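Shown next: data-v2.cif, containing mmCIF, C-alpha atoms.
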```
data_data
#
loop_
_atom_site.label_atom_id
_atom_site.label_comp_id
_atom_site.auth_asym_id
_atom_site.auth_seq_id
_atom_site.Cartn_x
_atom_site.Cartn_y
_atom_site.Cartn_z
CA MET A 1 -12.43 -23.67 -11.34
CA ALA A 2 -10.64 -21.49 -13.91
CA LYS A 3 -7.62 -23.01 -15.62
CA LYS A 4 -5.51 -19.89 -15.19
CA VAL A 5 -5.40 -16.65 -13.19
CA PHE A 6 -3.51 -13.73 -14.70
CA VAL A 7 -2.48 -10.94 -12.31
CA PHE A 8 -1.45 -7.78 -14.15
CA CYS A 9 1.38 -5.69 -12.73
CA PRO A 10 3.40 -2.70 -14.04
CA ASN A 11 6.81 -3.79 -15.25
CA ASP A 12 9.96 -3.15 -13.20
CA SER A 13 8.18 -1.27 -10.41
CA ILE A 14 9.06 -1.73 -6.73
CA THR A 15 6.38 -0.18 -4.52
CA GLY A 16 3.58 -1.31 -2.25
CA GLY A 17 1.15 -2.02 -5.10
CA PRO A 18 3.40 -4.33 -7.13
CA ASP A 19 4.39 -6.08 -3.91
CA ALA A 20 0.71 -6.83 -3.25
CA LEU A 21 0.20 -8.06 -6.84
CA HIS A 22 3.11 -10.48 -6.55
CA GLN A 23 1.75 -11.63 -3.19
CA MET A 24 -1.58 -12.31 -4.88
CA VAL A 25 0.11 -14.71 -7.30
CA PHE A 26 2.04 -16.42 -4.49
CA TYR A 27 -1.03 -17.04 -2.35
CA LEU A 28 -3.23 -18.07 -5.29
CA ASN A 29 -0.68 -20.73 -6.19
CA LYS A 30 -0.38 -21.71 -2.55
CA SER A 31 -4.16 -22.25 -2.44
CA GLY A 32 -3.96 -24.66 -5.39
CA LEU A 33 -4.82 -22.35 -8.27
CA ASN A 34 -2.64 -21.76 -11.33
CA ALA A 35 -1.62 -18.10 -11.28
CA GLU A 36 0.93 -16.02 -13.21
CA ILE A 37 2.18 -12.47 -12.86
CA VAL A 38 1.71 -10.53 -16.09
CA TYR A 39 3.95 -7.52 -16.69
CA PHE A 40 2.89 -4.52 -18.74
CA ALA A 41 4.89 -1.38 -19.50
CA PHE A 42 3.88 2.27 -19.33
CA SER A 43 6.79 3.27 -21.55
CA SER A 44 8.80 1.96 -24.48
CA LYS A 45 11.12 0.16 -22.09
CA HIS A 46 10.77 -3.54 -22.82
CA HIS A 47 13.33 -5.15 -20.54
CA TYR A 48 11.28 -7.52 -18.43
CA SER A 49 12.50 -9.35 -15.36
CA VAL A 50 11.26 -10.21 -11.88
CA PRO A 51 12.53 -7.52 -9.48
CA GLU A 52 14.77 -8.95 -6.78
CA PRO A 53 12.40 -8.28 -3.82
CA TYR A 54 9.63 -10.24 -5.56
CA LYS A 55 11.58 -13.39 -6.30
CA ILE A 56 10.31 -14.75 -2.98
CA TYR A 57 6.84 -14.78 -4.57
CA VAL A 58 7.36 -15.75 -8.21
CA SER A 59 10.06 -17.32 -10.36
CA SER A 60 8.54 -16.62 -13.78
CA PHE A 61 6.31 -14.12 -15.54
CA LEU A 62 4.29 -13.46 -18.67
CA THR A 63 3.93 -10.33 -20.77
CA GLU A 64 0.47 -9.04 -21.59
CA ASN A 65 0.61 -10.09 -25.25
CA LEU A 66 0.67 -13.74 -24.12
CA VAL A 67 -2.63 -13.57 -22.21
CA VAL A 68 -5.52 -15.10 -24.15
CA ASP A 69 -9.00 -13.69 -23.59
CA SER A 70 -10.86 -16.94 -22.97
CA SER A 71 -13.87 -17.91 -20.84
CA ASP A 72 -11.78 -20.23 -18.68
CA ALA A 73 -9.42 -17.44 -17.59
CA ILE A 74 -9.52 -15.04 -14.63
CA VAL A 75 -7.82 -11.66 -14.98
CA ILE A 76 -6.96 -9.48 -11.97
CA LEU A 77 -6.27 -5.83 -12.74
CA PRO A 78 -5.12 -3.20 -10.24
CA GLU A 79 -7.37 -0.13 -10.33
CA SER A 80 -4.48 1.76 -11.96
CA ALA A 81 -4.78 -0.46 -15.05
CA VAL A 82 -8.49 -0.17 -15.86
CA THR A 83 -7.57 0.83 -19.42
CA LYS A 84 -6.81 -2.89 -19.91
CA LEU A 85 -10.49 -3.77 -19.47
CA LYS A 86 -11.16 -3.32 -23.18
CA LEU A 87 -8.86 -6.28 -23.89
CA PHE A 88 -11.14 -8.77 -22.14
CA LYS A 89 -14.64 -9.68 -23.29
CA ASN A 90 -14.65 -13.38 -22.39
CA ALA A 91 -12.44 -13.71 -19.31
CA LYS A 92 -13.77 -13.09 -15.82
CA VAL A 93 -12.16 -9.84 -14.62
CA PHE A 94 -11.63 -8.61 -11.08
CA ILE A 95 -10.51 -5.07 -10.40
CA TRP A 96 -8.38 -5.09 -7.26
CA TRP A 97 -8.69 -1.71 -5.57
CA LEU A 98 -5.29 -1.29 -3.95
CA SER A 99 -5.90 2.46 -3.89
CA VAL A 100 -8.94 4.69 -4.16
CA ASP A 101 -7.36 8.14 -4.28
CA ASN A 102 -4.85 7.32 -7.00
CA ASN A 103 -7.58 6.16 -9.38
CA ILE A 104 -10.15 8.86 -8.66
CA ASN A 105 -7.93 11.89 -8.10
CA ARG A 106 -4.88 11.27 -10.24
CA SER A 107 -6.82 10.55 -13.39
CA SER A 108 -8.65 13.88 -13.40
CA PHE A 109 -7.76 16.64 -15.84
CA PHE A 110 -6.94 19.06 -13.02
CA TRP A 111 -4.61 16.59 -11.32
CA LYS A 112 -2.75 16.02 -14.59
CA LEU A 113 -2.48 19.78 -15.10
CA TYR A 114 -1.13 20.17 -11.57
CA TYR A 115 1.27 17.25 -12.07
CA PHE A 116 2.90 18.72 -15.16
CA ALA A 117 3.04 22.22 -13.65
CA THR A 118 4.96 20.83 -10.67
CA LEU A 119 7.01 18.28 -12.63
CA PRO A 120 10.36 20.16 -12.39
CA ALA A 121 10.07 20.25 -8.60
CA ARG A 122 9.06 16.58 -8.53
CA VAL A 123 12.14 15.62 -10.53
CA VAL A 124 14.40 17.51 -8.13
CA VAL A 125 12.81 16.04 -4.99
CA ASN A 126 12.55 12.47 -6.34
CA TRP A 127 15.57 12.35 -8.63
CA ASP A 128 16.37 8.72 -7.83
CA TYR A 129 12.97 7.74 -9.21
CA TYR A 130 12.73 10.05 -12.21
CA ARG A 131 16.25 9.51 -13.56
CA ASN A 132 15.27 5.95 -14.48
CA ARG A 133 11.54 6.35 -15.01
CA PHE A 134 10.93 9.78 -16.48
CA SER A 135 9.18 8.65 -19.67
CA GLU A 136 7.27 5.95 -17.80
CA ALA A 137 5.97 8.49 -15.27
CA ILE A 138 4.83 10.82 -18.06
CA VAL A 139 3.00 8.11 -19.98
CA LYS A 140 1.46 6.69 -16.81
CA THR A 141 0.09 10.11 -15.87
CA ILE A 142 -1.31 10.79 -19.35
CA GLN A 143 -2.96 7.37 -19.60
CA ALA A 144 -4.49 7.40 -16.10
CA LYS A 145 -8.22 6.82 -16.38
CA THR A 146 -10.98 6.95 -13.79
CA TYR A 147 -13.04 3.76 -13.60
CA SER A 148 -16.62 4.31 -14.82
CA PHE A 149 -19.17 2.83 -12.43
CA GLU A 150 -21.94 4.07 -14.72
CA HIS A 151 -20.82 1.79 -17.57
CA GLU A 152 -19.59 -1.38 -15.89
CA PHE A 153 -18.84 -4.50 -17.90
CA THR A 154 -20.89 -7.62 -17.18
CA ASN A 155 -17.74 -9.72 -16.73
CA VAL A 156 -16.24 -7.43 -14.05
CA ASP A 157 -16.43 -7.71 -10.25
CA HIS A 158 -14.47 -5.90 -7.56
CA ILE A 159 -12.13 -6.91 -4.75
CA CYS A 160 -10.81 -4.35 -2.28
CA ALA A 161 -7.53 -4.17 -0.38
CA SER A 162 -8.89 -1.91 2.36
CA HIS A 163 -12.11 -1.14 4.21
CA TYR A 164 -11.79 2.36 2.78
CA ALA A 165 -11.87 0.97 -0.77
CA TYR A 166 -14.68 -1.45 0.12
CA ASP A 167 -16.81 1.41 1.46
CA PHE A 168 -16.15 3.52 -1.64
CA VAL A 169 -16.70 0.81 -4.27
CA SER A 170 -19.75 -0.65 -2.51
CA ARG A 171 -21.46 2.73 -2.64
CA LYS A 172 -20.61 3.21 -6.33
CA SER A 173 -21.01 -0.22 -7.89
CA SER A 174 -23.97 -2.53 -8.44
CA LYS A 175 -21.58 -5.46 -8.99
CA LYS A 176 -20.20 -7.94 -6.46
CA VAL A 177 -17.67 -6.33 -4.09
CA SER A 178 -15.47 -8.30 -1.69
CA LEU A 179 -12.73 -7.55 0.81
CA CYS A 180 -9.34 -8.97 -0.18
CA ILE A 181 -6.65 -7.39 2.01
CA GLU A 182 -3.16 -8.70 1.43
CA PRO A 183 -0.78 -9.43 4.33
CA ILE A 184 2.42 -7.48 4.86
CA SER A 185 5.40 -8.59 2.82
CA LYS A 186 6.50 -12.18 3.32
CA HIS A 187 10.00 -11.09 4.35
CA PHE A 188 8.66 -8.96 7.21
CA LEU A 189 6.34 -11.72 8.43
CA GLU A 190 9.10 -14.31 8.43
CA LYS A 191 11.45 -11.92 10.21
CA TYR A 192 8.82 -11.14 12.84
CA TYR A 193 8.14 -14.81 13.64
CA LYS A 194 11.87 -15.45 13.83
CA ASP A 195 12.60 -12.51 16.15
CA LYS A 196 9.37 -12.02 18.11
CA THR A 197 10.64 -13.66 21.30
CA SER A 198 13.61 -11.31 21.34
CA LEU A 199 11.75 -8.10 20.45
CA SER A 200 12.57 -5.62 23.18
CA LEU A 201 10.12 -3.01 24.44
CA SER A 202 12.49 -1.66 27.08
CA LYS A 203 15.60 -0.82 25.07
CA ARG A 204 14.10 1.69 22.68
CA SER A 205 15.06 5.25 21.90
CA ASP A 206 12.82 8.32 21.95
CA ILE A 207 12.78 8.31 18.16
CA ILE A 208 9.76 9.21 16.04
CA LEU A 209 9.82 7.60 12.60
CA TYR A 210 8.00 8.99 9.56
CA ASN A 211 7.80 8.60 5.79
CA PRO A 212 9.10 11.84 4.19
CA LYS A 213 7.34 11.03 0.92
CA LYS A 214 4.00 11.41 2.67
CA CYS A 215 4.25 14.11 5.32
CA GLU A 216 7.67 15.77 5.24
CA ALA A 217 6.39 19.36 5.43
CA PHE A 218 4.10 18.77 8.40
CA VAL A 219 6.67 16.76 10.33
CA GLN A 220 9.12 19.62 9.87
CA GLN A 221 6.49 21.92 11.36
CA LEU A 222 6.17 19.58 14.34
CA ALA A 223 9.95 19.48 14.71
CA ALA A 224 10.07 23.28 14.77
CA PHE A 225 7.20 23.40 17.28
CA ALA A 226 8.99 20.93 19.60
CA SER A 227 12.69 21.11 18.86
CA ASP A 228 13.62 18.61 21.58
CA LEU A 229 11.86 15.77 19.77
CA THR A 230 13.81 13.53 17.38
CA PHE A 231 12.12 12.76 14.07
CA GLU A 232 13.83 10.27 11.77
CA PRO A 233 12.85 9.79 8.11
CA LEU A 234 12.47 6.35 6.55
CA ILE A 235 14.10 6.77 3.18
CA GLY A 236 16.60 4.85 1.07
CA LEU A 237 16.53 1.81 3.37
CA SER A 238 16.62 -1.90 2.63
CA GLN A 239 14.02 -4.19 4.22
CA GLU A 240 16.53 -5.26 6.87
CA GLN A 241 17.41 -1.66 7.66
CA LEU A 242 13.72 -0.77 7.97
CA ILE A 243 13.19 -3.59 10.45
CA GLU A 244 16.11 -2.40 12.56
CA LYS A 245 14.62 1.10 12.62
CA TYR A 246 11.24 -0.26 13.72
CA LYS A 247 12.83 -2.34 16.48
CA LYS A 248 14.65 0.62 18.02
CA ALA A 249 12.03 3.38 17.78
CA LYS A 250 9.03 4.02 20.02
CA LEU A 251 6.71 5.72 17.56
CA TYR A 252 5.74 6.00 13.89
CA VAL A 253 3.66 9.00 12.75
CA ASP A 254 1.85 9.35 9.44
CA PHE A 255 -0.22 12.38 8.51
CA GLY A 256 -0.12 11.75 4.78
CA PRO A 257 -2.80 10.37 2.49
CA PHE A 258 -3.92 6.78 3.02
CA PRO A 259 -5.14 5.75 -0.46
CA GLY A 260 -5.13 2.20 0.89
CA ALA A 261 -4.41 0.43 4.17
CA GLU A 262 -0.68 1.31 3.81
CA ARG A 263 2.12 -1.12 4.56
CA ILE A 264 4.63 0.94 6.60
CA PRO A 265 2.30 1.52 9.59
CA LYS A 266 1.55 -2.22 9.60
CA GLU A 267 5.24 -3.09 9.58
CA ALA A 268 6.06 -0.51 12.24
CA VAL A 269 3.33 -1.56 14.67
CA LEU A 270 4.19 -5.24 14.26
CA PHE A 271 7.79 -4.61 15.30
CA GLY A 272 6.78 -2.64 18.39
CA CYS A 273 6.16 0.96 17.35
CA SER A 274 3.21 2.95 18.62
CA ILE A 275 1.25 4.75 15.89
CA ILE A 276 -0.20 8.25 15.41
CA THR A 277 -2.04 9.19 12.21
CA GLY A 278 -4.34 11.72 10.65
CA ARG A 279 -7.79 10.74 9.38
CA ARG A 280 -7.24 10.86 5.64
CA GLY A 281 -8.53 8.03 3.48
CA ALA A 282 -8.05 4.58 4.99
CA SER A 283 -6.62 5.94 8.25
CA ASN A 284 -10.15 7.13 9.09
CA PHE A 285 -11.39 3.52 9.01
CA TYR A 286 -10.91 1.44 12.15
CA GLY A 287 -10.77 -1.73 10.06
CA ASP A 288 -7.68 -0.44 8.25
CA VAL A 289 -5.95 1.30 11.16
CA PRO A 290 -7.45 -0.20 14.34
CA ILE A 291 -6.03 2.14 16.96
CA PRO A 292 -7.89 4.19 19.61
CA ASP A 293 -9.34 7.51 18.44
CA GLU A 294 -7.02 9.45 20.74
CA TYR A 295 -4.14 8.61 18.37
CA LYS A 296 -5.90 9.91 15.22
CA PHE A 297 -6.06 13.62 14.41
CA ALA A 298 -8.57 14.82 11.82
CA ASP A 299 -7.53 18.48 11.84
CA TYR A 300 -3.85 17.77 12.33
CA GLN A 301 -2.64 20.99 10.70
CA ASN A 302 -4.25 22.91 13.56
CA GLN A 303 -3.54 20.35 16.27
CA LYS A 304 0.22 20.56 16.65
CA GLU A 305 0.01 21.18 20.39
CA GLN A 306 -2.28 18.18 20.95
CA ILE A 307 -0.15 15.95 18.74
CA VAL A 308 3.07 16.91 20.51
CA LYS A 309 1.38 16.27 23.85
CA LYS A 310 0.33 12.80 22.72
CA ILE A 311 3.83 12.11 21.38
CA ARG A 312 5.35 13.04 24.75
CA GLU A 313 2.89 10.74 26.55
CA ILE A 314 3.90 7.80 24.36
CA LEU A 315 7.62 8.44 24.74
CA ALA A 316 7.39 8.90 28.50
CA ASP A 317 5.20 5.87 29.17
CA TYR A 318 5.99 3.65 26.21
CA ASP A 319 5.51 0.25 27.89
CA LYS A 320 1.97 1.10 29.02
CA LYS A 321 0.87 3.04 25.94
CA ASN A 322 2.19 0.36 23.62
CA CYS A 323 -0.57 -1.98 24.79
CA ASP A 324 -3.06 0.32 23.06
CA PHE A 325 -1.78 -1.01 19.75
CA ASN A 326 -2.13 -4.74 20.42
CA VAL A 327 -5.37 -4.93 18.43
CA TYR A 328 -3.56 -3.44 15.42
CA ARG A 329 -0.77 -6.01 15.77
CA GLU A 330 -3.22 -8.89 15.96
CA THR A 331 -5.02 -7.51 12.91
CA VAL A 332 -1.74 -7.45 10.96
CA LEU A 333 -0.89 -11.00 12.03
CA ASN A 334 -4.34 -12.26 10.99
CA LEU A 335 -4.14 -10.73 7.51
CA GLU A 336 -2.41 -13.73 5.95
CA GLN A 337 -5.04 -16.21 7.13
CA ASN A 338 -7.90 -13.90 6.15
CA PHE A 339 -6.34 -13.21 2.75
CA GLU A 340 -6.06 -16.91 1.95
CA LYS A 341 -9.68 -17.36 3.00
CA SER A 342 -10.88 -14.50 0.78
CA LEU A 343 -8.96 -15.90 -2.21
CA LYS A 344 -10.71 -19.25 -1.86
CA GLU A 345 -14.09 -17.57 -1.55
CA ASN A 346 -13.55 -15.43 -4.67
CA PHE A 347 -11.59 -17.70 -7.00
CA GLN A 348 -12.48 -21.31 -6.21
#
```
Show me, as C-alpha cells, the structure contained in the file I just sent.
Amino acid sequence: MAKKVFVFCPNDSITGGPDALHQMVFYLNKSGLNAEIVYFAFSSKHHYSVPEPYKIYVSSFLTENLVVDSSDAIVILPESAVTKLKLFKNAKVFIWWLSVDNNINRSSFFWKLYYFATLPARVVVNWDYYRNRFSEAIVKTIQAKTYSFEHEFTNVDHICASHYAYDFVSRKSSKKVSLCIEPISKHFLEKYYKDKTSLSLSKRSDIILYNPKKCEAFVQQLAAFASDLTFEPLIGLSQEQLIEKYKKAKLYVDFGPFPGAERIPKEAVLFGCSIITGRRGASNFYGDVPIPDEYKFADYQNQKEQIVKKIREILADYDKKNCDFNVYRETVLNLEQNFEKSLKENFQ
C-alpha cells in the first residue's frame, strides 16, 4: 500500500470537478489510506485556502511544490491537469476523467480561437466569474492540453467518473481503465437522509427547473413555444436554496452538454424531480442517466413539440410519472457505496 495519495485540484475553484476531487480525498482517508488535496494555480494568484464548501471533506492541503516524486506515492490528476504528468516519473499516476469533452474539445486550437473571439461576450454573461478569475481563465485556456493516448507513460493508468468517459478512454487506451464515479456532494446526501421521510410528492408546483449555464437559449425557445409553462433557472443559489427548489418543483430539464455524469440532475432526481435530457455526452449513456428513453431527446432542437408534450404529461400526472425515475434515484443512492468499493480496488 502506498504511503501517500496526492489528489491534485485547481486552487480556489468551486465547481463540480473540484468538489469531486475533495470527495476523493475524503473517501480515500475514510477507507484507511493517507490522502491529501494538492492545490495548483493557473494564474499568479498564490493565496491558498480550503474553500468553505469543501471544509466538510478536508481540513488541510498541500501545494504542488511539496509533492515528492517517489515510488511509494500515488498521484491523482484530473484530466484537465495532464500537463502535470511530466513532473512524475517514479510515482504511480492515475488520470481521473471527470470530463471527456473539456479535455478533448477545449484543448484544440480551434476551440481556443473561438474562446478568445467570444471572450468579451463571455465576460458580460459570466461577470461574477470573470471579475475574480480573468487571468486564471486566460492561462487555463492557453495551457489546456489534449491527453496523448499514442504516447502514454508506463506509470499512468486511468479511472473514469462516468460510463461515457469509461467508454471513450477504454477505446483509446491500452492501459488499465476503471470506473470510479463519485457520489453527490456529502451535504446533499446528508440532507436527503435527514428529510427523506418528509419529502412530499403531492405539494409540488408546475415548475420546470433548468441550468441557464448549459441550455439557456433552447429553454427560452421552449418557453416561447409554450408560454403557459413556467421555467425557473438555477443560478446564484446556495446548497440549501438549491435543495428547496428541488423539493418544490416537478421537473428538471437539461439539454446542454454532459461532459461527465453531471451533478445537478442527480441532486434534482434524488429530491423528487422528474428528468428530461438530450442525448449529448454522458446523457446518452444509461449508466450515467438511467431514465427511460422516452425522456431523452437526441434531436431536441427539432423536437420542441414532442418535448413540450412530454413536459405536460409529467406535470399533469406527476405522481405516476415520477415512478419512472426510481431507478435513477437508487443509482444515485448507491454511488457512495460503489465509490468506496472502487477506491479499495484501485488503491489498496
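Applied to the shown file, the PyMOL selection byres ((chain A and resi 270) around 9) selects the residues Leu189, Tyr192, Tyr246, Pro265, Lys266, Glu267, Ala268, Val269, Phe271, Gly272, Cys273, Asn326, Tyr328, Arg329, Glu330, Val332 and Leu333 of chain A.
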For this structure, which residues satisfy the selection - the PyMOL selection byres ((chain A and resi 7) around 8) - when it is evaluated on the file as given? I want them as a PDB file with C-alpha atoms, in the coordinates of the input.
```
ATOM      1  CA  VAL A   5      -5.400 -16.650 -13.190  1.00  0.00           C
ATOM      2  CA  PHE A   6      -3.510 -13.730 -14.700  1.00  0.00           C
ATOM      3  CA  PHE A   8      -1.450  -7.780 -14.150  1.00  0.00           C
ATOM      4  CA  CYS A   9       1.380  -5.690 -12.730  1.00  0.00           C
ATOM      5  CA  LEU A  21       0.200  -8.060  -6.840  1.00  0.00           C
ATOM      6  CA  MET A  24      -1.580 -12.310  -4.880  1.00  0.00           C
ATOM      7  CA  VAL A  25       0.110 -14.710  -7.300  1.00  0.00           C
ATOM      8  CA  ALA A  35      -1.620 -18.100 -11.280  1.00  0.00           C
ATOM      9  CA  GLU A  36       0.930 -16.020 -13.210  1.00  0.00           C
ATOM     10  CA  ILE A  37       2.180 -12.470 -12.860  1.00  0.00           C
ATOM     11  CA  VAL A  38       1.710 -10.530 -16.090  1.00  0.00           C
ATOM     12  CA  VAL A  75      -7.820 -11.660 -14.980  1.00  0.00           C
ATOM     13  CA  ILE A  76      -6.960  -9.480 -11.970  1.00  0.00           C
ATOM     14  CA  LEU A  77      -6.270  -5.830 -12.740  1.00  0.00           C
TER      15      LEU A  77
END
```
Discussion item. Please determine, counting all atoms listed in the file, which residue among A:Ile14, A:Leu199, A:Val177, A:Val289 has the shortest atom-to-atom distance to A:Thr331.
Written reply: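 Looking only at the distances to A:Thr331, the closest residue turns out to be A:Val289.
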Discussion item. For a test of reading the model, state the distance in Å between atom CA of A:Glu216 and atom CA of A:Ala81, rounded to one decimal.
Written reply: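 One can read the atom CA of A:Glu216 to atom CA of A:Ala81 distance as 28.8 Å.
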Please enumerate the residues selected by the PyMOL selection byres ((chain A and resi 275) around 6) when evaluated against the supplied file, formatted as a short mmCIF file (atom, residue, chain, number, x, y, z; two decimals) with C-alpha atoms, in the frame of the given file.
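Written out: expr22.cif:
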```
data_model
loop_
_atom_site.label_atom_id
_atom_site.label_comp_id
_atom_site.auth_asym_id
_atom_site.auth_seq_id
_atom_site.Cartn_x
_atom_site.Cartn_y
_atom_site.Cartn_z
CA LEU A 251 6.71 5.72 17.56
CA TYR A 252 5.74 6.00 13.89
CA VAL A 253 3.66 9.00 12.75
CA SER A 274 3.21 2.95 18.62
CA ILE A 276 -0.20 8.25 15.41
#
```
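Closest approach to A:Leu229 among A:Trp127, A:Pro120, A:Tyr57, A:Leu209: A:Leu209, based on only C-alpha atoms.
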Practice prompt. Name the closest residue to A:Gly281 among the candidates A:Ala165, A:Leu33, A:Leu85, A:Ile95; distances are taken between atoms, counting all atoms listed in the file.
Written response: A:Ala165
Worksheet entry | Length of the atom CA of A:Tyr48 to atom CA of A:Lys30 vector [Å] |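 Here the two named atoms are 24.3 Å from each other.
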Fill in: Proximity to A:Leu343 - best of A:Tyr54, A:Phe94, A:Tyr39, A:Tyr193, all atoms listed in the file
A:Phe94
Item to complete: Would you list the contacts of stretch 99-101 of chain A as a list of chain:residue names, taking every protein, DNA or RNA residue within 9 Å and counting only C-alpha atoms, but skipping same-chain residues closer than 3 positions in sequence?
Response: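 Listed by chain and then number, they are A:Gly17, A:Pro78, A:Glu79, A:Ser80, A:Trp96, A:Ile104, A:Asn105, A:Arg106, A:Cys160, A:Ala161, A:Ser162, A:Tyr164, A:Ala165, A:Phe168, A:Val169, A:Pro257, A:Phe258, A:Pro259, A:Gly260, A:Ala261, A:Gly281.
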Given the point (-20.9, -5.5, -19.9) in the file's coordinates, find the residues that have an atom at most 12 Å from it, counting all atoms listed in the file, and give them as a JSON list (two decimals) with C-alpha atoms, keeping the file's coordinate frame.
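Contents of the output file point-v2.json:
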```json
[["chain", "number", "residue", "atom", "x", "y", "z"],
["A", 85, "LEU", "CA", -10.49, -3.77, -19.47],
["A", 86, "LYS", "CA", -11.16, -3.32, -23.18],
["A", 88, "PHE", "CA", -11.14, -8.77, -22.14],
["A", 89, "LYS", "CA", -14.64, -9.68, -23.29],
["A", 90, "ASN", "CA", -14.65, -13.38, -22.39],
["A", 91, "ALA", "CA", -12.44, -13.71, -19.31],
["A", 92, "LYS", "CA", -13.77, -13.09, -15.82],
["A", 93, "VAL", "CA", -12.16, -9.84, -14.62],
["A", 148, "SER", "CA", -16.62, 4.31, -14.82],
["A", 149, "PHE", "CA", -19.17, 2.83, -12.43],
["A", 150, "GLU", "CA", -21.94, 4.07, -14.72],
["A", 151, "HIS", "CA", -20.82, 1.79, -17.57],
["A", 152, "GLU", "CA", -19.59, -1.38, -15.89],
["A", 153, "PHE", "CA", -18.84, -4.50, -17.90],
["A", 154, "THR", "CA", -20.89, -7.62, -17.18],
["A", 155, "ASN", "CA", -17.74, -9.72, -16.73],
["A", 156, "VAL", "CA", -16.24, -7.43, -14.05],
["A", 157, "ASP", "CA", -16.43, -7.71, -10.25],
["A", 175, "LYS", "CA", -21.58, -5.46, -8.99]]
```
Practice prompt. Find, counting all atoms listed in the file, the residue in A:Leu98, A:Val124, A:Val58, A:Ile264 that gets nearest to A:Gln23.
Written response: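 Checking each of A:Leu98, A:Val124, A:Val58, A:Ile264 against A:Gln23, counting all atoms listed in the file, the winner is A:Val58.
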Discussion item. To one decimal place in Å, what is the distance between atom CA of A:Val219 and atom CA of A:Glu232?
Written reply: 9.8 Å
Proximity check stretch 155-269 of chain A to stretch 294-305 of chain A, 8 Å, nearest pairs one decimal Å, only C-alpha atoms, as CSV:
```
residue,atom,partner,partner_atom,distance
A:Phe218,CA,A:Gln301,CA,7.5
A:Leu222,CA,A:Lys304,CA,6.5
A:Phe225,CA,A:Lys304,CA,7.6
A:Phe255,CA,A:Tyr300,CA,7.5
```
Discussion item. Taking 6 positions as the minimum chain separation for residues in the same chain, which residues sit within 7 Å of A:Leu234 when counting only C-alpha atoms? Answer as number ranges by chain.
Written reply: A: 209-212
Would you compute, for all listed atoms of stretch 250-253 of chain A, the axis-aligned bounding box grown by 4 Å on each side, and then report its centre and edge lengths in Å rounded to one decimal, as AutoDock Vina command-line options?
```
--center_x 6.3 --center_y 6.5 --center_z 16.4 --size_x 13.4 --size_y 13.0 --size_z 15.3
```
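Residue nearest A:Ser227, chosen from A:Val308, A:Ala316, A:Cys323, A:Val82 and counting only C-alpha atoms: A:Val308.
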